$ cat model36.txt   # compact mmCIF, C-alpha atoms
# COMPACT_ATOMS: atom_id res chain seq x y z
CA MET V 149 82.85 109.80 124.57
CA GLY V 150 82.61 112.87 122.32
CA GLU V 151 83.66 113.37 118.72
CA PHE V 152 87.13 114.68 119.46
CA GLU V 153 87.91 111.99 122.02
CA LEU V 154 86.76 109.44 119.42
CA ILE V 155 89.17 110.86 116.85
CA ASP V 156 92.03 110.99 119.33
CA ARG V 157 91.47 107.43 120.55
CA TYR V 158 90.95 105.62 117.24
CA PHE V 159 92.39 107.71 114.42
CA ALA V 160 94.98 110.27 115.55
CA GLN V 161 97.87 107.79 115.29
CA LEU V 162 96.43 105.45 112.63
CA GLY V 163 98.62 104.29 109.75
CA ALA V 164 102.26 104.85 108.95
CA ARG V 165 104.47 107.55 110.45
CA ARG V 166 105.85 109.52 107.51
CA PRO V 167 108.56 112.20 107.59
CA ASP V 168 106.83 114.09 104.76
CA VAL V 169 103.85 114.95 107.01
CA SER V 170 104.48 118.35 108.58
CA LEU V 171 101.08 118.50 110.29
CA GLY V 172 98.57 115.68 110.54
CA VAL V 173 95.39 114.91 112.48
CA GLY V 174 94.26 117.59 114.95
CA ASP V 175 94.35 120.90 113.08
CA ASP V 176 92.01 122.52 110.55
CA ALA V 177 93.94 120.95 107.67
CA ALA V 178 97.03 118.85 107.10
CA LEU V 179 100.41 119.86 105.69
CA MET V 180 102.43 117.47 103.53
CA ASN V 181 105.63 117.89 101.54
CA VAL V 182 105.58 116.86 97.86
CA PRO V 183 109.15 115.98 96.77
CA ALA V 184 110.67 117.70 93.78
CA GLY V 185 110.25 115.92 90.46
CA HIS V 186 106.96 114.26 91.44
CA GLU V 187 103.30 114.83 90.70
CA LEU V 188 100.54 114.54 93.29
CA VAL V 189 97.92 111.87 92.52
CA ALA V 190 94.56 112.09 94.34
CA CYS V 191 91.38 110.01 94.41
CA VAL V 192 88.29 109.58 96.58
CA ASP V 193 85.84 106.71 97.07
CA THR V 194 82.72 106.42 99.18
CA LEU V 195 81.37 103.17 100.63
CA VAL V 196 77.72 102.99 101.71
CA ALA V 197 76.33 100.19 103.85
CA GLY V 198 74.03 97.96 101.82
CA GLN V 199 75.45 99.27 98.54
CA HIS V 200 79.17 98.51 98.74
CA PHE V 201 79.15 95.91 101.51
CA PRO V 202 76.47 93.88 103.31
CA HIS V 203 75.04 95.42 106.46
CA ASP V 204 76.36 92.55 108.57
CA SER V 205 79.97 92.87 107.36
CA HIS V 206 82.65 92.74 110.04
CA ALA V 207 83.95 96.17 111.02
CA ASP V 208 87.59 95.25 110.35
CA ASP V 209 86.71 94.12 106.81
CA ILE V 210 84.90 97.42 106.18
CA GLY V 211 87.94 99.35 107.38
CA TRP V 212 90.23 97.34 105.11
CA ARG V 213 87.99 97.77 102.04
CA ALA V 214 87.56 101.51 102.65
CA LEU V 215 91.23 102.10 101.89
CA ALA V 216 91.80 99.16 99.52
CA VAL V 217 89.47 100.57 96.86
CA ASN V 218 91.45 103.83 96.84
CA LEU V 219 94.78 102.03 96.78
CA SER V 220 93.60 100.22 93.66
CA ASP V 221 92.91 103.56 91.95
CA LEU V 222 96.46 104.71 92.67
CA ALA V 223 97.82 101.36 91.51
CA ALA V 224 96.09 101.93 88.16
CA MET V 225 97.98 105.23 87.87
CA GLY V 226 101.33 103.65 88.73
CA ALA V 227 101.46 105.83 91.86
CA THR V 228 102.87 105.21 95.33
CA PRO V 229 100.32 105.95 98.09
CA ALA V 230 101.27 108.37 100.86
CA TRP V 231 98.46 110.21 102.71
CA ALA V 232 94.76 109.68 103.38
CA THR V 233 91.82 111.53 104.92
CA LEU V 234 88.73 109.82 106.31
CA ALA V 235 85.13 111.05 106.54
CA LEU V 236 83.18 108.60 108.71
CA THR V 237 79.41 108.79 109.15
CA MET V 238 77.83 106.27 111.54
CA PRO V 239 74.38 105.92 113.10
CA ALA V 240 75.62 105.69 116.70
CA LEU V 241 78.81 105.58 118.71
CA ASP V 242 79.78 101.90 118.99
CA GLU V 243 83.22 101.47 120.51
CA ASP V 244 83.51 97.77 119.62
CA TRP V 245 82.71 98.59 115.98
CA LEU V 246 85.14 101.51 115.96
CA GLU V 247 87.93 99.37 117.37
CA GLY V 248 87.44 96.77 114.64
CA PHE V 249 87.11 99.37 111.88
CA ALA V 250 90.26 101.18 112.97
CA ALA V 251 92.16 97.88 113.18
CA GLY V 252 91.27 96.91 109.60
CA LEU V 253 91.95 100.38 108.22
CA GLY V 254 95.19 100.66 110.17
CA ALA V 255 96.45 97.27 109.02
CA ILE V 256 96.24 98.03 105.30
CA ALA V 257 97.40 101.64 105.81
CA THR V 258 100.53 100.45 107.60
CA GLN V 259 101.14 97.75 104.98
CA HIS V 260 101.20 100.41 102.23
CA ARG V 261 102.92 103.14 104.30
CA VAL V 262 99.87 105.43 104.24
CA ALA V 263 99.52 108.10 106.94
CA LEU V 264 96.03 109.22 108.00
CA VAL V 265 96.36 113.01 108.10
CA GLY V 266 92.82 114.26 108.71
CA GLY V 267 89.10 113.80 108.26
CA ASP V 268 85.70 114.20 109.89
CA THR V 269 83.16 112.19 111.89
CA THR V 270 79.38 112.69 111.79
CA ARG V 271 76.15 110.93 112.75
CA GLY V 272 73.98 109.35 110.06
CA PRO V 273 73.62 106.19 107.91
CA LEU V 274 76.88 104.22 107.81
CA THR V 275 79.00 105.82 105.09
CA ILE V 276 82.78 105.91 104.72
CA SER V 277 84.60 108.28 102.38
CA VAL V 278 88.37 108.03 102.00
CA SER V 279 90.50 110.46 100.03
CA LEU V 280 93.92 109.08 99.14
CA MET V 281 96.92 110.97 97.82
CA GLY V 282 100.11 109.55 96.39
CA LEU V 283 103.16 110.37 94.34
CA VAL V 284 104.43 109.50 90.88
CA PRO V 285 107.56 110.68 89.06
CA ALA V 286 106.58 113.62 86.87
CA GLY V 287 105.33 112.56 83.45
CA SER V 288 105.25 108.83 84.19
CA ALA V 289 101.70 108.22 85.45
CA LEU V 290 99.65 105.49 83.79
CA ARG V 291 96.40 106.61 82.18
CA ARG V 292 93.32 105.11 80.56
CA GLY V 293 94.02 106.87 77.28
CA GLY V 294 97.05 105.51 75.46
CA ALA V 295 96.12 102.08 74.13
CA ARG V 296 96.83 101.59 70.42
CA ALA V 297 95.65 99.02 67.90
CA GLY V 298 97.87 95.96 68.13
CA ASP V 299 98.52 96.28 71.87
CA LEU V 300 97.85 93.20 73.98
CA ILE V 301 95.30 93.28 76.82
CA TYR V 302 96.32 91.84 80.19
CA VAL V 303 94.64 91.41 83.56
CA THR V 304 96.19 90.52 86.91
CA GLY V 305 94.89 87.87 89.25
CA TRP V 306 91.57 86.10 88.93
CA PRO V 307 88.66 88.37 87.93
CA GLY V 308 85.22 87.29 89.08
CA ASP V 309 86.32 85.84 92.41
CA ALA V 310 85.18 88.83 94.47
CA ALA V 311 81.79 89.04 92.76
CA ALA V 312 81.30 85.33 93.42
CA GLY V 313 82.33 85.90 97.05
CA LEU V 314 79.62 88.53 97.41
CA ALA V 315 77.11 86.22 95.72
CA LEU V 316 77.95 83.56 98.31
CA LEU V 317 77.46 86.03 101.15
CA GLN V 318 74.09 87.06 99.69
CA GLY V 319 72.90 83.52 98.97
CA ARG V 320 72.91 83.93 95.18
CA LEU V 321 75.60 81.26 94.87
CA GLN V 322 75.95 78.12 96.94
CA GLY V 323 79.11 76.46 98.16
CA ALA V 324 81.09 75.41 101.20
CA GLY V 325 84.55 74.60 102.45
CA ALA V 326 87.86 76.07 101.36
CA ASP V 327 86.56 77.23 97.96
CA ARG V 328 83.82 79.29 99.59
CA GLY V 329 86.27 80.76 102.07
CA ALA V 330 88.72 81.73 99.32
CA LEU V 331 86.08 83.54 97.27
CA GLU V 332 84.55 85.34 100.25
CA LEU V 333 88.01 86.51 101.29
CA LYS V 334 88.57 88.04 97.84
CA PHE V 335 85.49 90.21 98.44
CA ARG V 336 86.11 91.01 102.10
CA ARG V 337 89.85 91.73 101.82
CA PRO V 338 90.82 92.83 98.29
CA GLU V 339 94.57 93.10 97.64
CA PRO V 340 95.27 96.18 95.50
CA ARG V 341 98.17 95.72 93.06
CA VAL V 342 100.11 98.80 94.15
CA ALA V 343 103.66 97.48 93.76
CA PHE V 344 102.94 95.95 90.36
CA GLY V 345 101.22 99.11 89.15
CA ALA V 346 104.41 101.07 89.79
CA ARG V 347 106.40 98.51 87.79
CA LEU V 348 104.09 98.99 84.81
CA ARG V 349 105.30 102.57 84.35
CA GLY V 350 107.11 102.78 81.01
CA ILE V 351 105.69 99.40 79.93
CA ALA V 352 101.88 99.63 79.88
CA SER V 353 100.32 101.93 77.29
CA SER V 354 97.13 102.28 79.37
CA CYS V 355 95.69 100.98 82.62
CA ILE V 356 92.49 100.89 84.69
CA ASP V 357 91.48 98.99 87.80
CA VAL V 358 88.61 96.51 87.65
CA SER V 359 85.99 97.81 90.06
CA ASP V 360 82.72 97.73 88.08
CA GLY V 361 83.33 94.61 85.98
CA LEU V 362 86.04 93.66 83.50
CA ALA V 363 83.98 94.23 80.35
CA ALA V 364 82.60 97.57 81.56
CA ASP V 365 85.97 98.86 82.72
CA LEU V 366 87.67 97.72 79.51
CA GLY V 367 84.99 99.67 77.66
CA ARG V 368 85.98 102.80 79.58
CA LEU V 369 89.65 102.22 78.82
CA VAL V 370 89.21 101.81 75.07
CA ALA V 371 86.77 104.73 74.92
CA ALA V 372 89.40 106.96 76.54
CA SER V 373 91.97 105.67 74.04
CA GLY V 374 89.74 106.00 70.98
CA VAL V 375 90.09 102.32 70.00
CA GLY V 376 88.28 99.01 70.35
CA ALA V 377 89.05 95.67 71.99
CA VAL V 378 88.57 91.98 71.30
CA VAL V 379 88.54 89.62 74.28
CA ARG V 380 88.81 85.85 73.86
CA ALA V 381 86.43 84.22 76.35
CA ALA V 382 88.56 81.05 76.44
CA GLU V 383 91.53 83.11 77.70
CA LEU V 384 89.70 84.61 80.69
CA PRO V 385 91.50 83.38 83.82
CA LEU V 386 89.16 81.44 86.08
CA SER V 387 90.34 80.44 89.53
CA ARG V 388 89.94 76.85 90.64
CA ALA V 389 87.57 77.93 93.43
CA LEU V 390 85.37 79.96 91.08
CA TYR V 391 85.23 77.16 88.52
CA ALA V 392 84.41 74.60 91.20
CA LEU V 393 81.48 76.50 92.72
CA ALA V 394 80.04 78.31 89.70
CA GLY V 395 80.80 76.07 86.74
CA GLU V 396 82.42 77.28 83.53
CA ALA V 397 79.57 79.32 82.03
CA ARG V 398 78.62 81.18 85.18
CA ALA V 399 82.27 81.61 86.17
CA ARG V 400 82.86 83.48 82.91
CA GLU V 401 79.84 85.65 83.65
CA PHE V 402 81.36 86.56 87.00
CA ALA V 403 84.75 87.22 85.37
CA LEU V 404 83.31 89.52 82.69
CA GLY V 405 80.56 91.29 84.62
CA GLY V 406 81.39 91.03 88.31
CA GLY V 407 82.81 94.02 90.12
CA ASP V 408 84.95 94.49 93.24
CA ASP V 409 87.98 92.66 91.83
CA TYR V 410 90.41 95.59 92.15
CA GLU V 411 92.74 93.88 89.72
CA LEU V 412 94.66 95.82 87.07
CA LEU V 413 93.48 95.72 83.47
CA TYR V 414 96.15 97.11 81.16
CA THR V 415 97.49 97.16 77.63
CA VAL V 416 101.06 96.49 76.52
CA PRO V 417 102.67 97.00 73.10
CA GLN V 418 103.79 93.67 71.69
CA THR V 419 107.37 94.93 71.65
CA ALA V 420 107.24 95.34 75.46
CA ARG V 421 106.14 91.80 76.34
CA ASN V 422 109.59 90.70 77.49
CA GLN V 423 109.87 93.74 79.75
CA LEU V 424 106.48 92.91 81.24
CA PHE V 425 107.45 89.31 81.99
CA GLN V 426 110.74 90.41 83.56
CA GLN V 427 109.00 92.90 85.83
CA ALA V 428 106.31 90.40 86.79
CA ALA V 429 108.90 87.75 87.64
CA SER V 430 111.13 90.06 89.66
CA ALA V 431 108.18 91.52 91.59
CA GLY V 432 106.58 88.18 92.39
CA ALA V 433 103.51 89.75 90.81
CA PRO V 434 100.09 88.08 90.54
CA ALA V 435 99.64 86.09 87.37
CA CYS V 436 99.51 88.26 84.24
CA HIS V 437 96.92 86.90 81.83
CA CYS V 438 96.71 88.00 78.21
CA ILE V 439 92.99 88.01 77.35
CA GLY V 440 92.85 89.76 73.99
CA GLU V 441 94.10 92.66 71.93
CA VAL V 442 93.34 96.26 71.07
CA VAL V 443 91.88 96.83 67.60
CA ALA V 444 90.90 99.76 65.43
CA GLY V 445 87.32 100.88 65.83
CA ARG V 446 85.16 101.31 68.91
CA GLY V 447 83.72 99.19 71.72
CA VAL V 448 84.46 95.79 73.25
CA ARG V 449 83.74 92.42 71.65
CA VAL V 450 83.96 89.11 73.50
CA LEU V 451 84.46 86.09 71.28
CA GLY V 452 83.40 82.63 72.40
CA GLU V 453 83.74 79.27 70.68
CA ARG V 454 80.48 79.84 68.79
CA GLY V 455 80.74 83.52 68.02
CA GLU V 456 80.34 86.81 69.82
CA LEU V 457 79.00 86.80 73.37
CA PRO V 458 76.65 89.44 74.86
CA LEU V 459 78.35 92.05 77.03
CA PRO V 460 77.35 92.41 80.68
CA ARG V 461 76.47 95.93 81.76
CA GLY V 462 78.74 96.16 84.78
CA TRP V 463 77.90 98.18 87.88
CA ASP V 464 76.41 101.67 87.58
CA HIS V 465 74.91 103.39 90.64
CA PHE V 466 72.43 105.34 88.52
CA GLY V 467 71.90 102.80 85.74
CA PRO V 468 68.78 100.66 85.28
$ encode --input "model36.txt" --output "structure tokens"
Amino acid sequence: MGEFELIDRYFAQLGARRPDVSLGVGDDAALMNVPAGHELVACVDTLVAGQHFPHDSHADDIGWRALAVNLSDLAAMGATPAWATLALTMPALDEDWLEGFAAGLGAIATQHRVALVGGDTTRGPLTISVSLMGLVPAGSALRRGGARAGDLIYVTGWPGDAAAGLALLQGRLQGAGADRGALELKFRRPEPRVAFGARLRGIASSCIDVSDGLAADLGRLVAASGVGAVVRAAELPLSRALYALAGEARAREFALGGGDDYELLYTVPQTARNQLFQQAASAGAPACHCIGEVVAGRGVRVLGERGELPLPRGWDHFGP
């Protein structure tokens, strides 16, 4: 099987069928229609075997994650996903692997009505790059800059679960049974908060997705906003599974410093709290946890029962 037969068999019809795609897979470039009154939102993420997922990860999980990380970026902008391109580099042609990868990618693409409109395939170390484009009503996109002193800081879901799931897969954390399965699933199949991100438009003053660790990503958010943040360690949401397998102290380390959560970390003016709760209730959104507040100044401080706690570094590809 050659490159073009591979594309035709596994990717030409992958994802949602959208009427706003004039020309998709098969030409030199794709043509899409951006509706009037909207802005185009675009992002790209690359996953490298051994860096972003273990070498022995299942192909369908890799396919799912490849798009999920991009969907989380659009969720943090309050955008609705629409179109994706895929650049797939793999060491050899493995049809069983391709079938699994396409199934995982196709499942999450269909769930979020994303059409695959183009891409490229090459030979080399396993690397997946997905570019995702979406739409947001003009002038309404969420941004990192916008938090103001006095705003409350919220996070969706249960930060730290995915990092603990990876630690279990790598043998750095021990555990078994349903708790282990729940944490590993959070790493293998992240659930980007796309629908809730759209509902935060007009409510959140700033937003970022948690990909490199809650403390590190909050630091980026407040730096973009020109303010500081105080997080109360006792208010960090810890899932029952994380608490059971890691214990309280280590669970908080995972929650503050672990990456791969793909939850939304956002700020809300105190006057908009009722709007937030109404939107969360009507959307059946993941739990919204208030973990601190925005303050004047710079940087992030985490306060424990006995004073300020050291900040984890978070993930940085080129850091020490």
$ closest_atom_pairs --input "model36.txt" --of "region 317-399 of chain V" --to "region 307-311 of chain V" --cutoff "10 Å" --atoms "only C-alpha atoms" --output "JSON lines"
{"residue": "V:Leu317", "atom": "CA", "partner": "V:Ala311", "partner_atom": "CA", "distance": 9.9}
{"residue": "V:Ala330", "atom": "CA", "partner": "V:Asp309", "partner_atom": "CA", "distance": 8.4}
{"residue": "V:Leu331", "atom": "CA", "partner": "V:Asp309", "partner_atom": "CA", "distance": 5.4}
{"residue": "V:Glu332", "atom": "CA", "partner": "V:Ala310", "partner_atom": "CA", "distance": 6.8}
{"residue": "V:Leu333", "atom": "CA", "partner": "V:Ala310", "partner_atom": "CA", "distance": 7.7}
{"residue": "V:Lys334", "atom": "CA", "partner": "V:Ala310", "partner_atom": "CA", "distance": 4.8}
{"residue": "V:Phe335", "atom": "CA", "partner": "V:Ala310", "partner_atom": "CA", "distance": 4.2}
{"residue": "V:Arg336", "atom": "CA", "partner": "V:Ala310", "partner_atom": "CA", "distance": 8.0}
{"residue": "V:Arg337", "atom": "CA", "partner": "V:Ala310", "partner_atom": "CA", "distance": 9.2}
{"residue": "V:Pro338", "atom": "CA", "partner": "V:Ala310", "partner_atom": "CA", "distance": 7.9}
{"residue": "V:Val358", "atom": "CA", "partner": "V:Pro307", "partner_atom": "CA", "distance": 8.1}
{"residue": "V:Asp360", "atom": "CA", "partner": "V:Ala311", "partner_atom": "CA", "distance": 9.9}
{"residue": "V:Gly361", "atom": "CA", "partner": "V:Gly308", "partner_atom": "CA", "distance": 8.2}
{"residue": "V:Leu362", "atom": "CA", "partner": "V:Pro307", "partner_atom": "CA", "distance": 7.4}
{"residue": "V:Leu384", "atom": "CA", "partner": "V:Pro307", "partner_atom": "CA", "distance": 8.2}
{"residue": "V:Pro385", "atom": "CA", "partner": "V:Pro307", "partner_atom": "CA", "distance": 7.1}
{"residue": "V:Leu386", "atom": "CA", "partner": "V:Pro307", "partner_atom": "CA", "distance": 7.2}
{"residue": "V:Ser387", "atom": "CA", "partner": "V:Asp309", "partner_atom": "CA", "distance": 7.3}
{"residue": "V:Arg388", "atom": "CA", "partner": "V:Asp309", "partner_atom": "CA", "distance": 9.9}
{"residue": "V:Ala389", "atom": "CA", "partner": "V:Asp309", "partner_atom": "CA", "distance": 8.1}
{"residue": "V:Leu390", "atom": "CA", "partner": "V:Asp309", "partner_atom": "CA", "distance": 6.1}
{"residue": "V:Tyr391", "atom": "CA", "partner": "V:Asp309", "partner_atom": "CA", "distance": 9.6}
{"residue": "V:Arg398", "atom": "CA", "partner": "V:Gly308", "partner_atom": "CA", "distance": 9.8}
{"residue": "V:Ala399", "atom": "CA", "partner": "V:Gly308", "partner_atom": "CA", "distance": 7.0}
$ axis_aligned_box --input "model36.txt" --around "region 200-206 of chain V" --padding-each-side "4 Å" --output "AutoDock Vina command-line options"
--center_x 78.8 --center_y 95.5 --center_z 104.4 --size_x 15.6 --size_y 14.0 --size_z 19.3
$ residues_around --input "model36.txt" --residues "Leu171 (chain V)" --least-positions-apart "6" --cutoff "10 Å" --atoms "all atoms listed in the file" --output "list in words"
Ala177, Ala178, Leu179, Met180, Asn181, Val265 and Gly266 of chain V
$ atom_distance --input "model36.txt" --atom1 "CA of Tyr414 (chain V)" --atom2 "CA of Leu369 (chain V)"
8.6 Å
$ residues_around --input "model36.txt" --residues "Phe344 (chain V)" --least-positions-apart "3" --cutoff "10 Å" --atoms "only C-alpha atoms" --output "PyMOL selection string"
chain V and resi 223-224+226+304+340-341+347-349+412+427-428+431-434
$ write_last_selection --input "model36.txt" --atoms "C-alpha atoms" --output "PDB file, in the frame of the given file"
ATOM      1  CA  ALA V 223      97.820 101.360  91.510  1.00  0.00           C
ATOM      2  CA  ALA V 224      96.090 101.930  88.160  1.00  0.00           C
ATOM      3  CA  GLY V 226     101.330 103.650  88.730  1.00  0.00           C
ATOM      4  CA  THR V 304      96.190  90.520  86.910  1.00  0.00           C
ATOM      5  CA  PRO V 340      95.270  96.180  95.500  1.00  0.00           C
ATOM      6  CA  ARG V 341      98.170  95.720  93.060  1.00  0.00           C
ATOM      7  CA  ARG V 347     106.400  98.510  87.790  1.00  0.00           C
ATOM      8  CA  LEU V 348     104.090  98.990  84.810  1.00  0.00           C
ATOM      9  CA  ARG V 349     105.300 102.570  84.350  1.00  0.00           C
ATOM     10  CA  LEU V 412      94.660  95.820  87.070  1.00  0.00           C
ATOM     11  CA  GLN V 427     109.000  92.900  85.830  1.00  0.00           C
ATOM     12  CA  ALA V 428     106.310  90.400  86.790  1.00  0.00           C
ATOM     13  CA  ALA V 431     108.180  91.520  91.590  1.00  0.00           C
ATOM     14  CA  GLY V 432     106.580  88.180  92.390  1.00  0.00           C
ATOM     15  CA  ALA V 433     103.510  89.750  90.810  1.00  0.00           C
ATOM     16  CA  PRO V 434     100.090  88.080  90.540  1.00  0.00           C
TER      17      PRO V 434
END
$ closest_residue --input "model36.txt" --among "V:Leu234, V:Cys436, V:Ala295, V:Val416" --to "Arg368 (chain V)" --atoms "only C-alpha atoms"
V:Ala295
$ residues_around --input "model36.txt" --residues "Ala397 (chain V)" --least-positions-apart "4" --cutoff "12 Å" --atoms "only C-alpha atoms" --output "VMD selection string"
chain V and resid 381 to 382 384 386 390 to 393 401 to 404 452 457
$ write_last_selection --input "model36.txt" --atoms "C-alpha atoms" --output "PDB file, in the frame of the given file"
ATOM      1  CA  ALA V 381      86.430  84.220  76.350  1.00  0.00           C
ATOM      2  CA  ALA V 382      88.560  81.050  76.440  1.00  0.00           C
ATOM      3  CA  LEU V 384      89.700  84.610  80.690  1.00  0.00           C
ATOM      4  CA  LEU V 386      89.160  81.440  86.080  1.00  0.00           C
ATOM      5  CA  LEU V 390      85.370  79.960  91.080  1.00  0.00           C
ATOM      6  CA  TYR V 391      85.230  77.160  88.520  1.00  0.00           C
ATOM      7  CA  ALA V 392      84.410  74.600  91.200  1.00  0.00           C
ATOM      8  CA  LEU V 393      81.480  76.500  92.720  1.00  0.00           C
ATOM      9  CA  GLU V 401      79.840  85.650  83.650  1.00  0.00           C
ATOM     10  CA  PHE V 402      81.360  86.560  87.000  1.00  0.00           C
ATOM     11  CA  ALA V 403      84.750  87.220  85.370  1.00  0.00           C
ATOM     12  CA  LEU V 404      83.310  89.520  82.690  1.00  0.00           C
ATOM     13  CA  GLY V 452      83.400  82.630  72.400  1.00  0.00           C
ATOM     14  CA  LEU V 457      79.000  86.800  73.370  1.00  0.00           C
TER      15      LEU V 457
END
$ closest_residue --input "model36.txt" --among "V:Gly298, V:Ala372, V:Ile210, V:Arg292" --to "Leu413 (chain V)" --atoms "only C-alpha atoms"
V:Arg292
$ closest_residue --input "model36.txt" --among "V:Leu162, V:Leu366, V:Met225, V:Leu274" --to "Asp242 (chain V)" --atoms "all atoms listed in the file"
V:Leu274
$ atom_distance --input "model36.txt" --atom1 "CA of Ala235 (chain V)" --atom2 "CA of Ala312 (chain V)"
29.1 Å
$ atom_distance --input "model36.txt" --atom1 "CA of Leu424 (chain V)" --atom2 "CA of Val303 (chain V)"
12.2 Å
$ closest_residue --input "model36.txt" --among "V:Phe249, V:Ile276, V:Ala429, V:Gly267" --to "Ala197 (chain V)" --atoms "only C-alpha atoms"
V:Ile276
$ residues_around --input "model36.txt" --residues "Glu453 (chain V)" --least-positions-apart "2" --cutoff "12 Å" --atoms "all atoms listed in the file" --output "NGL selection string"
:V and (379-383 or 450-451 or 455-457)
$ closest_residue --input "model36.txt" --among "V:Leu283, V:Ala324, V:Ala240, V:Leu314" --to "Gln199 (chain V)" --atoms "all atoms listed in the file"
V:Leu314
